Every structure is written in structure tokens, then in C-alpha cells.
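S.K.: Handing over data10.pdb, PDB, C-alpha atoms, pLDDT in the B column.
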MODEL        1
ATOM      1  CA  ALA A   1      94.363  86.022  -5.135  1.00 42.00           C
ATOM      2  CA  ALA A   2      93.566  82.351  -5.433  1.00 43.00           C
ATOM      3  CA  ALA A   3      90.753  81.415  -7.772  1.00 43.00           C
ATOM      4  CA  VAL A   4      87.509  80.438  -6.089  1.00 43.00           C
ATOM      5  CA  PRO A   5      85.970  77.228  -7.433  1.00 42.00           C
ATOM      6  CA  ALA A   6      82.629  77.963  -9.115  1.00 42.00           C
ATOM      7  CA  ALA A   7      80.926  75.367  -6.895  1.00 42.00           C
ATOM      8  CA  ALA A   8      82.023  77.331  -3.816  1.00 44.00           C
ATOM      9  CA  VAL A   9      80.276  80.526  -4.921  1.00 43.00           C
ATOM     10  CA  PRO A  10      76.728  80.997  -3.625  1.00 44.00           C
ATOM     11  CA  ALA A  11      74.043  80.699  -6.309  1.00 41.00           C
ATOM     12  CA  ALA A  12      72.852  84.201  -5.493  1.00 42.00           C
ATOM     13  CA  VAL A  13      74.445  86.945  -3.468  1.00 43.00           C
ATOM     14  CA  VAL A  14      72.252  89.640  -1.989  1.00 42.00           C
ATOM     15  CA  PRO A  15      73.368  93.151  -2.996  1.00 46.00           C
ATOM     16  CA  ALA A  16      74.829  95.240  -0.175  1.00 47.00           C
ATOM     17  CA  ALA A  17      71.865  97.612  -0.364  1.00 45.00           C
ATOM     18  CA  ASP A  18      69.555  94.713   0.483  1.00 46.00           C
ATOM     19  CA  ALA A  19      71.813  93.787   3.397  1.00 45.00           C
ATOM     20  CA  ALA A  20      70.654  96.949   5.141  1.00 48.00           C
ATOM     21  CA  ALA A  21      67.613  94.933   6.164  1.00 47.00           C
ATOM     22  CA  ASP A  22      69.993  92.701   8.136  1.00 45.00           C
ATOM     23  CA  MET A  23      71.015  95.750  10.153  1.00 46.00           C
ATOM     24  CA  ALA A  24      67.537  96.894  11.191  1.00 47.00           C
ATOM     25  CA  SER A  25      65.262  95.160  13.630  1.00 43.00           C
ATOM     26  CA  THR A  26      61.523  95.458  13.952  1.00 42.00           C
ATOM     27  CA  ALA A  27      59.394  96.181  16.963  1.00 45.00           C
ATOM     28  CA  SER A  28      55.680  96.488  17.533  1.00 47.00           C
ATOM     29  CA  ASP A  29      54.190  99.825  18.476  1.00 50.00           C
ATOM     30  CA  SER A  30      51.131 100.229  20.691  1.00 55.00           C
ATOM     31  CA  SER A  31      48.789  99.390  17.777  1.00 56.00           C
ATOM     32  CA  GLY A  32      50.577  96.096  17.154  1.00 57.00           C
ATOM     33  CA  GLU A  33      51.935  97.354  13.826  1.00 58.00           C
ATOM     34  CA  ALA A  34      55.554  96.517  13.069  1.00 56.00           C
ATOM     35  CA  SER A  35      57.837  99.528  12.944  1.00 54.00           C
ATOM     36  CA  VAL A  36      61.476  99.711  11.898  1.00 59.00           C
ATOM     37  CA  VAL A  37      63.956 100.476  14.661  1.00 60.00           C
ATOM     38  CA  ARG A  38      67.015 102.611  13.890  1.00 62.00           C
ATOM     39  CA  PRO A  39      69.837 100.559  12.277  1.00 64.00           C
ATOM     40  CA  ARG A  40      72.745  99.512  14.451  1.00 81.00           C
ATOM     41  CA  LYS A  41      76.202 101.062  14.134  1.00 89.00           C
ATOM     42  CA  LEU A  42      78.547  99.415  11.628  1.00 91.00           C
ATOM     43  CA  LEU A  43      82.242  98.645  12.214  1.00 92.00           C
ATOM     44  CA  ILE A  44      83.028 100.925   9.251  1.00 91.00           C
ATOM     45  CA  PRO A  45      80.220 103.508   9.354  1.00 89.00           C
ATOM     46  CA  GLY A  46      80.753 104.873   5.825  1.00 87.00           C
ATOM     47  CA  CYS A  47      80.388 101.439   4.197  1.00 92.00           C
ATOM     48  CA  ALA A  48      77.384  99.273   3.409  1.00 93.00           C
ATOM     49  CA  PRO A  49      76.673  96.268   5.644  1.00 94.00           C
ATOM     50  CA  THR A  50      77.953  92.924   4.381  1.00 95.00           C
ATOM     51  CA  SER A  51      75.129  90.703   3.084  1.00 95.00           C
ATOM     52  CA  SER A  52      74.210  87.529   4.981  1.00 95.00           C
ATOM     53  CA  LEU A  53      75.205  85.349   2.038  1.00 94.00           C
ATOM     54  CA  ALA A  54      78.610  87.032   1.768  1.00 96.00           C
ATOM     55  CA  ARG A  55      79.206  86.499   5.504  1.00 96.00           C
ATOM     56  CA  GLU A  56      78.226  82.830   5.195  1.00 96.00           C
ATOM     57  CA  PHE A  57      80.459  82.409   2.128  1.00 95.00           C
ATOM     58  CA  SER A  58      83.460  83.882   3.933  1.00 94.00           C
ATOM     59  CA  LEU A  59      82.870  81.570   6.913  1.00 95.00           C
ATOM     60  CA  LEU A  60      82.689  78.564   4.587  1.00 96.00           C
ATOM     61  CA  MET A  61      85.941  79.665   2.944  1.00 95.00           C
ATOM     62  CA  ALA A  62      87.569  79.951   6.378  1.00 95.00           C
ATOM     63  CA  ILE A  63      86.534  76.492   7.611  1.00 96.00           C
ATOM     64  CA  ARG A  64      87.685  74.983   4.308  1.00 96.00           C
ATOM     65  CA  THR A  65      91.219  75.867   5.480  1.00 97.00           C
ATOM     66  CA  TRP A  66      90.836  73.867   8.718  1.00 96.00           C
ATOM     67  CA  ASN A  67      91.656  70.191   9.272  1.00 96.00           C
ATOM     68  CA  THR A  68      89.026  69.244  11.823  1.00 94.00           C
ATOM     69  CA  PRO A  69      87.822  65.873  13.097  1.00 93.00           C
ATOM     70  CA  VAL A  70      84.849  64.302  11.338  1.00 92.00           C
ATOM     71  CA  LEU A  71      82.751  63.014  14.175  1.00 83.00           C
ATOM     72  CA  PRO A  72      81.093  59.617  13.612  1.00 87.00           C
ATOM     73  CA  LEU A  73      77.675  60.850  14.744  1.00 87.00           C
ATOM     74  CA  GLN A  74      77.672  63.917  12.479  1.00 88.00           C
ATOM     75  CA  CYS A  75      75.779  63.643   9.200  1.00 93.00           C
ATOM     76  CA  CYS A  76      78.610  65.032   7.045  1.00 93.00           C
ATOM     77  CA  PRO A  77      82.047  66.705   7.096  1.00 94.00           C
ATOM     78  CA  LEU A  78      80.489  70.179   6.677  1.00 94.00           C
ATOM     79  CA  HIS A  79      78.406  69.868   9.838  1.00 94.00           C
ATOM     80  CA  SER A  80      81.414  68.463  11.716  1.00 95.00           C
ATOM     81  CA  ALA A  81      83.431  71.523  10.654  1.00 95.00           C
ATOM     82  CA  LEU A  82      80.550  73.827  11.631  1.00 95.00           C
ATOM     83  CA  ARG A  83      80.517  72.193  15.071  1.00 95.00           C
ATOM     84  CA  GLU A  84      84.224  73.085  15.418  1.00 96.00           C
ATOM     85  CA  LEU A  85      83.468  76.634  14.233  1.00 96.00           C
ATOM     86  CA  ARG A  86      80.795  76.949  16.928  1.00 97.00           C
ATOM     87  CA  ALA A  87      83.287  75.758  19.581  1.00 96.00           C
ATOM     88  CA  SER A  88      85.842  78.310  18.356  1.00 97.00           C
ATOM     89  CA  MET A  89      83.215  81.061  18.416  1.00 96.00           C
ATOM     90  CA  ARG A  90      82.252  80.192  22.007  1.00 97.00           C
ATOM     91  CA  SER A  91      85.899  80.371  23.019  1.00 97.00           C
ATOM     92  CA  LEU A  92      86.342  83.758  21.308  1.00 96.00           C
ATOM     93  CA  GLU A  93      83.154  85.091  22.919  1.00 96.00           C
ATOM     94  CA  ARG A  94      84.650  84.291  26.338  1.00 97.00           C
ATOM     95  CA  SER A  95      87.899  86.112  25.530  1.00 96.00           C
ATOM     96  CA  LYS A  96      88.596  89.590  26.850  1.00 96.00           C
ATOM     97  CA  CYS A  97      87.030  92.553  25.092  1.00 94.00           C
ATOM     98  CA  ARG A  98      88.962  94.336  22.349  1.00 94.00           C
ATOM     99  CA  PRO A  99      87.520  97.862  22.176  1.00 93.00           C
ATOM    100  CA  HIS A 100      89.716  98.737  19.191  1.00 92.00           C
ATOM    101  CA  PHE A 101      88.766  95.696  17.097  1.00 92.00           C
ATOM    102  CA  ALA A 102      88.289  96.731  13.482  1.00 90.00           C
ATOM    103  CA  PRO A 103      88.263  95.048  10.084  1.00 90.00           C
ATOM    104  CA  THR A 104      91.560  95.061   8.210  1.00 88.00           C
ATOM    105  CA  ALA A 105      90.108  96.205   4.911  1.00 90.00           C
ATOM    106  CA  ASP A 106      90.618  99.074   2.551  1.00 91.00           C
ATOM    107  CA  ALA A 107      88.085  98.037  -0.108  1.00 93.00           C
ATOM    108  CA  GLN A 108      84.492  96.804  -0.308  1.00 94.00           C
ATOM    109  CA  CYS A 109      82.385  95.052  -2.932  1.00 95.00           C
ATOM    110  CA  GLU A 110      79.563  97.364  -3.948  1.00 94.00           C
ATOM    111  CA  HIS A 111      77.391  94.345  -4.817  1.00 93.00           C
ATOM    112  CA  CYS A 112      77.630  91.917  -1.881  1.00 95.00           C
ATOM    113  CA  GLY A 113      79.296  94.157   0.715  1.00 95.00           C
ATOM    114  CA  ILE A 114      82.247  91.888   1.542  1.00 95.00           C
ATOM    115  CA  LEU A 115      85.264  93.788   2.850  1.00 94.00           C
ATOM    116  CA  SER A 116      88.596  93.147   1.206  1.00 91.00           C
ATOM    117  CA  LEU A 117      92.182  94.265   0.894  1.00 88.00           C
ATOM    118  CA  ALA A 118      92.832  96.070  -2.373  1.00 78.00           C
ATOM    119  CA  ASP A 119      95.590  93.593  -3.269  1.00 67.00           C
ATOM    120  CA  ASP A 120      93.289  90.552  -2.823  1.00 49.00           C
ATOM    121  CA  ALA A 121      91.870  90.660  -6.355  1.00 47.00           C
ATOM    122  CA  ASP A 122      92.746  91.499  -9.930  1.00 50.00           C
ATOM    123  CA  GLU A 123      92.342  95.136 -10.920  1.00 49.00           C
ATOM    124  CA  ASP A 124      90.531  96.350 -14.002  1.00 51.00           C
ATOM    125  CA  GLU A 125      89.597  99.792 -15.226  1.00 47.00           C
ATOM    126  CA  ASP A 126      86.029 101.025 -14.786  1.00 47.00           C
ATOM    127  CA  GLU A 127      85.669 102.986 -18.007  1.00 46.00           C
ATOM    128  CA  ASP A 128      82.597 104.898 -16.796  1.00 46.00           C
ATOM    129  CA  GLU A 129      84.259 106.472 -13.796  1.00 53.00           C
ATOM    130  CA  GLY A 130      87.985 106.004 -14.439  1.00 50.00           C
ATOM    131  CA  ASN A 131      88.360 104.299 -11.045  1.00 64.00           C
ATOM    132  CA  LYS A 132      90.248 101.095 -10.401  1.00 79.00           C
ATOM    133  CA  LEU A 133      87.893  98.214  -9.588  1.00 86.00           C
ATOM    134  CA  GLN A 134      88.624  94.643  -8.612  1.00 90.00           C
ATOM    135  CA  TYR A 135      86.752  91.402  -9.126  1.00 91.00           C
ATOM    136  CA  CYS A 136      85.024  90.196  -5.968  1.00 92.00           C
ATOM    137  CA  TYR A 137      86.031  86.730  -4.789  1.00 89.00           C
ATOM    138  CA  VAL A 138      82.515  86.180  -3.381  1.00 92.00           C
ATOM    139  CA  CYS A 139      80.064  87.345  -6.056  1.00 93.00           C
ATOM    140  CA  ARG A 140      82.626  87.653  -8.899  1.00 92.00           C
ATOM    141  CA  ALA A 141      81.323  91.086  -9.863  1.00 92.00           C
ATOM    142  CA  LEU A 142      83.744  93.788 -10.979  1.00 93.00           C
ATOM    143  CA  SER A 143      82.668  95.860  -8.015  1.00 92.00           C
ATOM    144  CA  ILE A 144      85.356  96.014  -5.318  1.00 92.00           C
ATOM    145  CA  ARG A 145      86.266  99.663  -4.835  1.00 91.00           C
ATOM    146  CA  LEU A 146      88.663 101.348  -2.401  1.00 91.00           C
ATOM    147  CA  ILE A 147      87.003 102.643   0.753  1.00 88.00           C
ATOM    148  CA  THR A 148      87.182 106.428   0.888  1.00 82.00           C
ATOM    149  CA  THR A 149      86.822 108.214   4.195  1.00 67.00           C
TER
ENDMDL
END
Please rewrite the model in this file as C-alpha cells.
M.R.:
Amino acid sequence: AAAVPAAAVPAAVVPAADAAADMASTASDSSGEASVVRPRKLLIPGCAPTSSLAREFSLLMAIRTWNTPVLPLQCCPLHSALRELRASMRSLERSKCRPHFAPTADAQCEHCGILSLADDADEDEDEDEGNKLQYCYVCRALSIRLITT
């Protein structure tokens, strides 16, 4: 896998366990108290949700591979690229449904929750458990483990 420049890595990445909050919504009951509503279904039910920061990082990495116009009225190249991302998202939202859409991943970072292919990172040995782990390209932790079903 290509090395990720240190400046491109978020200052802090929320652990996948904390990302569970992203998956639950709140509602008010009759007393006006907030109550947690059941979490939504995940694309890969046996895995943790991907943290917000990891999702944002992966989007930034994607748009860094695009050659998009820098509009004169935009404040900076990043916001010009984000405008193009928004246009692409609108186009994809109008496309036909794909009921069998699924991530193409066989591994997940236990820290930030990003999904990955096992060959995307360097392997190392986790001496505690004897399992092969990989370094995460998002949070750089030695915490990408194969997804077991």
C-alpha cells in the first residue's frame, strides 16, 4: 500500500466503539427526556461501524485522486473538490437501486472502523493472540484484522 503523508492523517481518530453513537439516533419520549432509538442495520452486521473521522478521511483520500476544476468563486481547492464530490453524490443518488451493494472488504481496523482489503497494508504478528494484523492507513494503528463470519 502507498504511504499516507502524515499531514493527511486526522489529528485524532475516534475508536470504532465510539462510532456506535453515529449509528443510534435519539428521540424524545412523552416526558421530553431523550431516549436512544435502536441502532440501524450495518452493511456488514458483524463489524463495528466506521467512525465519522475515518469516513471523512477516506473521502478526502478519494478526492485527492481527482483532477477537478478550481472555481474562481470558491475559497480554496479543497472546497472546489468538495463541490464536485457533492455533484457526484447527487448523480449517484439518482441512479437505480442496487439491492446487493456491499463493501468489498475482508478486514477492518479495530480502532477507527475503516474497512479494508487484507492486502492493502503491511502485515505484522500480534504476539498476544498469534493473529496476523496490519497497519491501518487511516489511524496508523496495528489494528486491521480479518473479518470473521
S.K.: What gap, in Å, lies between atom CA of Glu56 of chain A and atom CA of Leu117 of chain A?
M.R.: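 Here the two named atoms are 18.5 Å from each other.
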S.K.: One number please: atom CA of Ala62 of chain A to atom CA of Gly46 of chain A, in Å, one decimal.
M.R.: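 Computed distance, atom CA of Ala62 of chain A to atom CA of Gly46 of chain A, equals 25.8 Å.
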S.K.: For the structure provided, state which residues fall under the PyMOL selection byres ((chain A and resi 75-92) around 12), and present them as a list in words.
M.R.: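 So the PyMOL selection byres ((chain A and resi 75-92) around 12) ends up selecting Glu56, Leu59, Leu60, Met61, Ala62, Ile63, Arg64, Thr65, Trp66, Asn67, Thr68, Pro69, Val70, Leu71, Pro72, Leu73, Gln74, Glu93, Arg94, Ser95, Lys96, Cys97 and Arg98 of chain A.
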S.K.: Which residue, A:Ala118, A:Cys112, A:Ala107, A:Cys136, has the smallest gap to Thr50 of chain A when you use all atoms listed in the file?
M.R.: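 Residue with the minimum atom-to-atom distance to Thr50 of chain A: A:Cys112.
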S.K.: Quick check on the file I pasted: which residues fall under the PyMOL selection byres ((chain A and resi 116) around 10)? Write them as a VMD selection string.
M.R.: chain A and resid 103 to 109 113 to 115 117 to 121 134 136 to 137 144 to 147
S.K.: Determine the axis-aligned bounding box of all atoms of segment 95-105 of chain A present in the file, pad each side by 4 Å, and express its centre and edge lengths in Å to one decimal place as AutoDock Vina command-line options.
M.R.:
--center_x 89.3 --center_y 92.4 --center_z 15.9 --size_x 12.5 --size_y 20.6 --size_z 29.9
